[in-house]
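Printed here is data_22.pdb (PDB, C-alpha atoms, pLDDT in the B column):
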```
MODEL        1
ATOM      1  CA  ARG U1202     -15.964   7.583 -23.909  1.00 57.00           C
ATOM      2  CA  ARG U1203     -14.341   4.262 -22.995  1.00 66.00           C
ATOM      3  CA  CYS U1204     -11.085   6.024 -22.099  1.00 62.00           C
ATOM      4  CA  GLY U1205     -12.875   8.281 -19.586  1.00 60.00           C
ATOM      5  CA  LEU U1206     -12.925  11.424 -21.695  1.00 62.00           C
ATOM      6  CA  ALA U1207     -15.697  13.754 -20.555  1.00 62.00           C
ATOM      7  CA  PHE U1208     -17.643  15.664 -23.182  1.00 65.00           C
ATOM      8  CA  ALA U1209     -18.776  19.181 -22.417  1.00 63.00           C
ATOM      9  CA  ALA U1210     -21.053  21.585 -24.197  1.00 64.00           C
ATOM     10  CA  ARG U1211     -22.691  24.915 -23.814  1.00 64.00           C
ATOM     11  CA  PRO U1212     -25.860  24.744 -21.745  1.00 66.00           C
ATOM     12  CA  ASP U1213     -29.159  25.069 -23.659  1.00 72.00           C
ATOM     13  CA  ARG U1214     -29.983  28.330 -21.895  1.00 71.00           C
ATOM     14  CA  LEU U1215     -27.620  30.878 -20.402  1.00 65.00           C
ATOM     15  CA  PRO U1216     -28.581  33.554 -17.880  1.00 66.00           C
ATOM     16  CA  GLY U1217     -28.590  37.172 -19.027  1.00 67.00           C
ATOM     17  CA  PRO U1218     -28.881  38.799 -22.444  1.00 67.00           C
ATOM     18  CA  VAL U1219     -27.662  37.274 -25.698  1.00 64.00           C
ATOM     19  CA  SER U1220     -23.992  37.994 -26.356  1.00 62.00           C
ATOM     20  CA  LEU U1221     -21.748  37.621 -29.408  1.00 62.00           C
ATOM     21  CA  SER U1222     -18.660  37.059 -27.252  1.00 62.00           C
ATOM     22  CA  PRO U1223     -15.890  35.114 -29.047  1.00 59.00           C
ATOM     23  CA  VAL U1224     -14.900  33.537 -25.709  1.00 62.00           C
ATOM     24  CA  PRO U1225     -16.373  30.031 -25.450  1.00 59.00           C
ATOM     25  CA  LEU U1226     -18.207  28.921 -22.337  1.00 58.00           C
ATOM     26  CA  VAL U1227     -17.807  25.232 -21.570  1.00 61.00           C
ATOM     27  CA  LEU U1228     -19.111  23.696 -18.372  1.00 59.00           C
ATOM     28  CA  LEU U1229     -17.510  20.530 -17.000  1.00 66.00           C
ATOM     29  CA  PRO U1230     -18.329  18.615 -13.836  1.00 68.00           C
ATOM     30  CA  PRO U1231     -16.798  20.422 -10.843  1.00 71.00           C
ATOM     31  CA  LEU U1232     -13.709  19.099  -9.098  1.00 74.00           C
ATOM     32  CA  ALA U1233     -14.524  16.926  -6.085  1.00 81.00           C
ATOM     33  CA  VAL U1234     -12.568  14.868  -3.596  1.00 87.00           C
ATOM     34  CA  GLY U1235     -12.488  11.248  -4.765  1.00 86.00           C
ATOM     35  CA  ALA U1236     -13.734  12.100  -8.261  1.00 81.00           C
ATOM     36  CA  PRO U1237     -11.628  11.198 -11.321  1.00 79.00           C
ATOM     37  CA  ALA U1238      -8.908  13.696 -12.194  1.00 81.00           C
ATOM     38  CA  ARG U1239      -9.711  15.105 -15.653  1.00 81.00           C
ATOM     39  CA  PHE U1240      -8.016  18.259 -16.783  1.00 84.00           C
ATOM     40  CA  ALA U1241      -5.761  19.836 -19.371  1.00 86.00           C
ATOM     41  CA  VAL U1242      -2.961  22.343 -18.886  1.00 89.00           C
ATOM     42  CA  PHE U1243      -2.389  25.082 -21.457  1.00 90.00           C
ATOM     43  CA  ASP U1244       0.674  27.315 -21.875  1.00 92.00           C
ATOM     44  CA  VAL U1245      -1.229  30.607 -21.981  1.00 91.00           C
ATOM     45  CA  ALA U1246      -1.491  33.635 -19.729  1.00 92.00           C
ATOM     46  CA  ASP U1247      -5.288  33.846 -19.684  1.00 86.00           C
ATOM     47  CA  ARG U1248      -8.506  32.693 -21.327  1.00 80.00           C
ATOM     48  CA  ALA U1249      -8.297  35.339 -24.041  1.00 81.00           C
ATOM     49  CA  GLU U1250      -4.890  34.035 -25.146  1.00 86.00           C
ATOM     50  CA  LEU U1251      -6.241  30.465 -25.152  1.00 83.00           C
ATOM     51  CA  VAL U1252      -9.082  31.547 -27.448  1.00 79.00           C
ATOM     52  CA  ARG U1253      -6.632  33.378 -29.713  1.00 84.00           C
ATOM     53  CA  ARG U1254      -3.950  30.639 -29.891  1.00 87.00           C
ATOM     54  CA  GLY U1255      -6.157  27.556 -29.592  1.00 83.00           C
ATOM     55  CA  ALA U1256      -5.737  23.966 -28.490  1.00 83.00           C
ATOM     56  CA  SER U1257      -2.188  23.681 -29.843  1.00 87.00           C
ATOM     57  CA  THR U1258      -1.044  25.339 -26.598  1.00 90.00           C
ATOM     58  CA  CYS U1259      -1.992  22.203 -24.580  1.00 90.00           C
ATOM     59  CA  VAL U1260       1.067  20.921 -22.694  1.00 93.00           C
ATOM     60  CA  ALA U1261      -0.550  18.117 -20.650  1.00 92.00           C
ATOM     61  CA  THR U1262      -3.813  16.197 -20.435  1.00 87.00           C
ATOM     62  CA  VAL U1263      -4.856  14.004 -17.504  1.00 86.00           C
ATOM     63  CA  ILE U1264      -7.797  11.583 -17.697  1.00 81.00           C
ATOM     64  CA  GLY U1265      -8.743   9.366 -14.787  1.00 79.00           C
ATOM     65  CA  GLY U1266      -5.615  10.421 -12.921  1.00 82.00           C
ATOM     66  CA  ARG U1267      -3.317   9.241 -15.731  1.00 85.00           C
ATOM     67  CA  LEU U1268      -1.135  11.475 -17.866  1.00 89.00           C
ATOM     68  CA  VAL U1269      -2.335  10.703 -21.401  1.00 88.00           C
ATOM     69  CA  TYR U1270      -0.611  13.547 -23.269  1.00 88.00           C
ATOM     70  CA  ARG U1271       2.496  15.569 -22.574  1.00 91.00           C
ATOM     71  CA  GLY U1272       3.716  18.158 -25.037  1.00 86.00           C
ATOM     72  CA  ARG U1273       7.423  18.411 -25.684  1.00 73.00           C
TER      73      ARG U1273
ENDMDL
END
```
Spit out the file's structure as structure tokens when you get a sec.
Amino acid sequence: RRCGLAFAARPDRLPGPVSLSPVPLVLLPPLAVGAPARFAVFDVADRAELVRRGASTCVATVIGGRLVYRGR
């Protein structure tokens, strides 16, 4: 937490019927002008590929506007 990493989780209740979808739903604070830049970039075509291939596809992570990880 000291480095500015934001933790996200599934909400306690989701709208609609229960689903066994393998696609995770993670909610982060929305982007806003003047807010800290926190994001990751993944080398995938879509969300389904990200779920299939996982976090190893991360090519860059930015926290607080600073590049903290860059894949090679």
Written as a tab-separated table (two decimals) with C-alpha atoms, keeping the file's coordinate frame, what is the full residue list that the PyMOL selection byres ((chain U and resi 1241) around 6) yields on the file shown?
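File produced: expr-v6.tsv:
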```
chain	number	residue	atom	x	y	z
U	1240	PHE	CA	-8.02	18.26	-16.78
U	1242	VAL	CA	-2.96	22.34	-18.89
U	1261	ALA	CA	-0.55	18.12	-20.65
U	1262	THR	CA	-3.81	16.20	-20.43
```
Please list as a PyMOL selection string every residue within 12 Å of Arg1273 in chain U, counting all atoms listed in the file and excluding residues in the same chain fewer than 4 positions away.
chain U and resi 1244+1257-1261
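From CA of Ala1256 in chain U back to CA of Phe1243 in chain U, the distance works out to 7.9 Å.
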Might you spell out which residues the PyMOL selection byres ((chain U and resi 1263) around 10) would select in the displayed file, as a PyMOL selection string?
chain U and resi 1206+1237-1242+1261-1262+1264-1271
Could you add N, CA and C atoms to range 1232-1249 of chain U and give me the result as a PDB file, in the frame of the given file?
```pdb
ATOM      1  N   LEU U1232     -14.679  19.933  -9.788  1.00 74.00           N
ATOM      2  CA  LEU U1232     -13.709  19.099  -9.098  1.00 74.00           C
ATOM      3  C   LEU U1232     -14.274  18.673  -7.753  1.00 74.00           C
ATOM      4  N   ALA U1233     -14.028  17.432  -7.360  1.00 81.00           N
ATOM      5  CA  ALA U1233     -14.524  16.926  -6.085  1.00 81.00           C
ATOM      6  C   ALA U1233     -13.548  15.891  -5.540  1.00 81.00           C
ATOM      7  N   VAL U1234     -13.431  15.848  -4.241  1.00 87.00           N
ATOM      8  CA  VAL U1234     -12.568  14.868  -3.596  1.00 87.00           C
ATOM      9  C   VAL U1234     -13.046  13.463  -3.952  1.00 87.00           C
ATOM     10  N   GLY U1235     -12.153  12.614  -4.401  1.00 86.00           N
ATOM     11  CA  GLY U1235     -12.488  11.248  -4.765  1.00 86.00           C
ATOM     12  C   GLY U1235     -12.995  11.082  -6.181  1.00 86.00           C
ATOM     13  N   ALA U1236     -13.267  12.171  -6.870  1.00 81.00           N
ATOM     14  CA  ALA U1236     -13.734  12.100  -8.261  1.00 81.00           C
ATOM     15  C   ALA U1236     -12.526  11.904  -9.184  1.00 81.00           C
ATOM     16  N   PRO U1237     -12.742  11.390 -10.395  1.00 79.00           N
ATOM     17  CA  PRO U1237     -11.628  11.198 -11.321  1.00 79.00           C
ATOM     18  C   PRO U1237     -10.961  12.528 -11.669  1.00 79.00           C
ATOM     19  N   ALA U1238      -9.645  12.500 -11.783  1.00 81.00           N
ATOM     20  CA  ALA U1238      -8.908  13.696 -12.194  1.00 81.00           C
ATOM     21  C   ALA U1238      -8.972  13.795 -13.710  1.00 81.00           C
ATOM     22  N   ARG U1239      -9.599  14.864 -14.208  1.00 81.00           N
ATOM     23  CA  ARG U1239      -9.711  15.105 -15.653  1.00 81.00           C
ATOM     24  C   ARG U1239      -9.445  16.572 -15.887  1.00 81.00           C
ATOM     25  N   PHE U1240      -8.319  16.863 -16.498  1.00 84.00           N
ATOM     26  CA  PHE U1240      -8.016  18.259 -16.783  1.00 84.00           C
ATOM     27  C   PHE U1240      -6.942  18.357 -17.857  1.00 84.00           C
ATOM     28  N   ALA U1241      -6.806  19.539 -18.404  1.00 86.00           N
ATOM     29  CA  ALA U1241      -5.761  19.836 -19.371  1.00 86.00           C
ATOM     30  C   ALA U1241      -5.047  21.103 -18.915  1.00 86.00           C
ATOM     31  N   VAL U1242      -3.775  21.183 -19.243  1.00 89.00           N
ATOM     32  CA  VAL U1242      -2.961  22.343 -18.886  1.00 89.00           C
ATOM     33  C   VAL U1242      -2.523  23.005 -20.184  1.00 89.00           C
ATOM     34  N   PHE U1243      -2.733  24.330 -20.255  1.00 90.00           N
ATOM     35  CA  PHE U1243      -2.389  25.082 -21.457  1.00 90.00           C
ATOM     36  C   PHE U1243      -1.331  26.126 -21.131  1.00 90.00           C
ATOM     37  N   ASP U1244      -0.398  26.338 -22.043  1.00 92.00           N
ATOM     38  CA  ASP U1244       0.674  27.315 -21.875  1.00 92.00           C
ATOM     39  C   ASP U1244       0.210  28.679 -22.393  1.00 92.00           C
ATOM     40  N   VAL U1245      -0.699  29.287 -21.633  1.00 91.00           N
ATOM     41  CA  VAL U1245      -1.229  30.607 -21.981  1.00 91.00           C
ATOM     42  C   VAL U1245      -1.352  31.434 -20.706  1.00 91.00           C
ATOM     43  N   ALA U1246      -1.390  32.734 -20.877  1.00 92.00           N
ATOM     44  CA  ALA U1246      -1.491  33.635 -19.729  1.00 92.00           C
ATOM     45  C   ALA U1246      -2.921  33.753 -19.198  1.00 92.00           C
ATOM     46  N   ASP U1247      -3.900  33.682 -20.109  1.00 86.00           N
ATOM     47  CA  ASP U1247      -5.288  33.846 -19.684  1.00 86.00           C
ATOM     48  C   ASP U1247      -6.221  33.239 -20.730  1.00 86.00           C
ATOM     49  N   ARG U1248      -7.506  33.288 -20.441  1.00 80.00           N
ATOM     50  CA  ARG U1248      -8.506  32.693 -21.327  1.00 80.00           C
ATOM     51  C   ARG U1248      -8.516  33.337 -22.712  1.00 80.00           C
ATOM     52  N   ALA U1249      -8.301  34.637 -22.753  1.00 81.00           N
ATOM     53  CA  ALA U1249      -8.297  35.339 -24.041  1.00 81.00           C
ATOM     54  C   ALA U1249      -7.170  34.814 -24.944  1.00 81.00           C
TER      55      ALA U1249
END
```
